[in-house]
file work-v2.txt (compact mmCIF, C-alpha atoms)
# COMPACT_ATOMS: atom_id res chain seq x y z
CA MET B 1238 0.00 0.00 0.00
CA ALA B 1239 2.86 2.37 0.81
CA LYS B 1240 4.40 1.74 -2.60
CA GLN B 1241 1.11 2.59 -4.27
CA ALA B 1242 0.84 5.79 -2.23
CA ILE B 1243 4.39 6.74 -3.16
CA ASP B 1244 3.68 5.99 -6.82
CA ALA B 1245 0.49 8.09 -6.64
CA ILE B 1246 2.40 10.94 -5.02
CA ARG B 1247 5.12 10.74 -7.69
CA ALA B 1248 2.50 10.66 -10.43
CA ALA B 1249 0.79 13.70 -8.90
CA GLU B 1250 4.12 15.50 -8.61
CA ALA B 1251 4.96 14.65 -12.25
CA GLU B 1252 1.53 15.93 -13.35
CA ALA B 1253 2.02 19.10 -11.30
CA GLN B 1254 5.45 19.59 -12.88
CA ARG B 1255 4.01 19.05 -16.37
CA ILE B 1256 1.27 21.61 -15.66
CA THR B 1257 3.78 24.06 -14.17
CA ASP B 1258 6.11 23.64 -17.14
CA GLY B 1259 3.23 24.41 -19.51
CA ILE B 1260 2.23 27.66 -17.78
CA PRO B 1261 4.78 29.92 -19.56
CA VAL B 1262 3.66 28.59 -22.95
CA ARG B 1263 0.00 29.17 -22.10
CA VAL B 1264 0.76 32.62 -20.70
CA LYS B 1265 2.68 33.57 -23.85
CA ALA B 1266 -0.17 32.30 -26.02
CA LEU B 1267 -2.68 34.30 -23.99
CA LEU B 1268 -0.51 37.43 -24.15
CA ASP B 1269 -0.03 37.03 -27.90
CA GLU B 1270 -3.78 36.68 -28.40
CA ALA B 1271 -4.47 39.70 -26.19
CA GLU B 1272 -1.95 41.75 -28.14
CA ARG B 1273 -3.44 40.66 -31.46
CA ARG B 1274 -6.93 41.57 -30.26
CA SER B 1275 -5.72 44.93 -28.99
CA ARG B 1276 -4.14 45.71 -32.39
CA VAL B 1277 -7.38 44.77 -34.15
CA LEU B 1278 -9.45 46.86 -31.73
CA CYS B 1279 -7.06 49.79 -32.04
CA ALA B 1280 -7.19 49.67 -35.85
CA LYS B 1281 -10.98 49.44 -35.80
CA THR B 1282 -11.24 52.35 -33.36
CA GLU B 1283 -8.91 54.46 -35.50
CA GLU B 1284 -10.99 53.72 -38.61
CA GLU B 1285 -14.21 54.60 -36.81
CA ALA B 1286 -12.69 57.80 -35.43
CA ALA B 1287 -11.41 58.79 -38.88
CA ALA B 1288 -14.83 58.13 -40.42
CA GLU B 1289 -16.57 60.11 -37.68
CA THR B 1290 -14.11 62.97 -38.06
CA GLU B 1291 -14.62 63.00 -41.83
CA ASP B 1292 -18.38 63.03 -41.32
CA GLN B 1293 -18.13 65.94 -38.88
CA LEU B 1294 -15.85 67.82 -41.27
CA GLY B 1295 -18.37 67.28 -44.05
CA GLN B 1296 -21.14 68.66 -41.88
CA LEU B 1297 -19.00 71.67 -40.93
CA ARG B 1298 -18.14 72.31 -44.57
CA GLN B 1299 -21.81 72.15 -45.46
CA ARG B 1300 -22.72 74.59 -42.68
CA ALA B 1301 -19.90 76.92 -43.73
CA ALA B 1302 -21.13 76.85 -47.33
CA MET B 1303 -24.68 77.63 -46.19
CA LEU B 1304 -23.44 80.52 -44.03
CA LEU B 1305 -21.35 81.84 -46.89
CA GLU B 1306 -24.30 81.64 -49.26
CA ARG B 1307 -26.56 83.34 -46.73
CA SER B 1308 -23.98 86.10 -46.20
CA ALA B 1309 -23.65 86.57 -49.96
CA ASP B 1310 -27.44 86.75 -50.30
CA GLU B 1311 -27.66 89.29 -47.47
CA ALA B 1312 -24.86 91.37 -49.01
CA GLU B 1313 -26.58 91.28 -52.40
CA ALA B 1314 -29.88 92.34 -50.81
CA GLU B 1315 -28.12 95.22 -49.03
CA ALA B 1316 -26.45 96.26 -52.30
CA ASP B 1317 -29.84 96.20 -54.06
CA ARG B 1318 -31.31 98.36 -51.30
CA LEU B 1319 -28.45 100.86 -51.56
CA ARG B 1320 -28.78 100.95 -55.37
CA ALA B 1321 -32.51 101.63 -55.11
CA GLU B 1322 -31.90 104.40 -52.58
CA ALA B 1323 -29.18 105.91 -54.77
CA HIS B 1324 -31.45 105.68 -57.82
CA LYS B 1325 -34.17 107.61 -55.95
CA ARG B 1326 -31.70 110.38 -55.13
CA MET B 1327 -30.23 110.54 -58.63
CA PRO B 1328 -32.38 113.45 -59.90
CA GLU B 1329 -31.44 115.57 -56.91
CA ALA B 1330 -27.75 114.68 -57.31
CA VAL B 1331 -27.80 115.58 -61.01
CA LYS B 1332 -29.55 118.85 -60.20
CA LEU B 1333 -26.94 119.72 -57.55
CA ILE B 1334 -24.07 118.87 -59.90
CA VAL B 1335 -25.51 120.87 -62.79
CA TRP B 1336 -26.24 123.89 -60.57
CA GLY B 1337 -22.77 123.60 -59.10
CA ILE B 1338 -21.19 123.67 -62.54
CA MET B 1339 -23.39 126.56 -63.60
CA ALA B 1340 -22.46 128.49 -60.47
CA LYS B 1341 -18.76 128.06 -61.24
CA CYS B 1342 -19.24 129.14 -64.83
CA GLN B 1343 -20.82 132.47 -63.88

call {"tool": "encode", "arguments": {"input": "work-v2.txt", "output": "structure tokens"}}
result
Amino acid sequence: MAKQAIDAIRAAEAEAQRITDGIPVRVKALLDEAERRSRVLCAKTEEEAAAETEDQLGQLRQRAAMLLERSADEAEAEADRLRAEAHKRMPEAVKLIVWGIMAKCQ
């Protein structure tokens, strides 16, 4: 019985040694897999961030174009208003110029 117990203990020790010897290999495999996954996740995150940034830039460009168009429209409307006002005052301006010239000629 003692021999069987000793053999069982030796077998258990051998199994424990085999398991212990395999730990570094398993740890390396796990680390390699974790690193691979992290690279994949990082690449995916970078792609998503780039796409989101491009989308936001597109929206900003669109808003800027709309603001520019609105500003141009407002400036054109103001120019039209000033032209109309100037056109209304044209007869008076011509009259003042002509009378000014006539006054200098006399």

call {"tool": "atom_distance", "arguments": {"input": "work-v2.txt", "atom1": "atom CA of B:Lys1265", "atom2": "atom CA of B:Glu1250"}}
result
23.7 Å

call {"tool": "atom_distance", "arguments": {"input": "work-v2.txt", "atom1": "atom CA of B:Arg1273", "atom2": "atom CA of B:Glu1285"}}
result
18.4 Å

call {"tool": "atom_distance", "arguments": {"input": "work-v2.txt", "atom1": "atom CA of B:Ala1302", "atom2": "atom CA of B:Ala1321"}}
result
28.4 Å
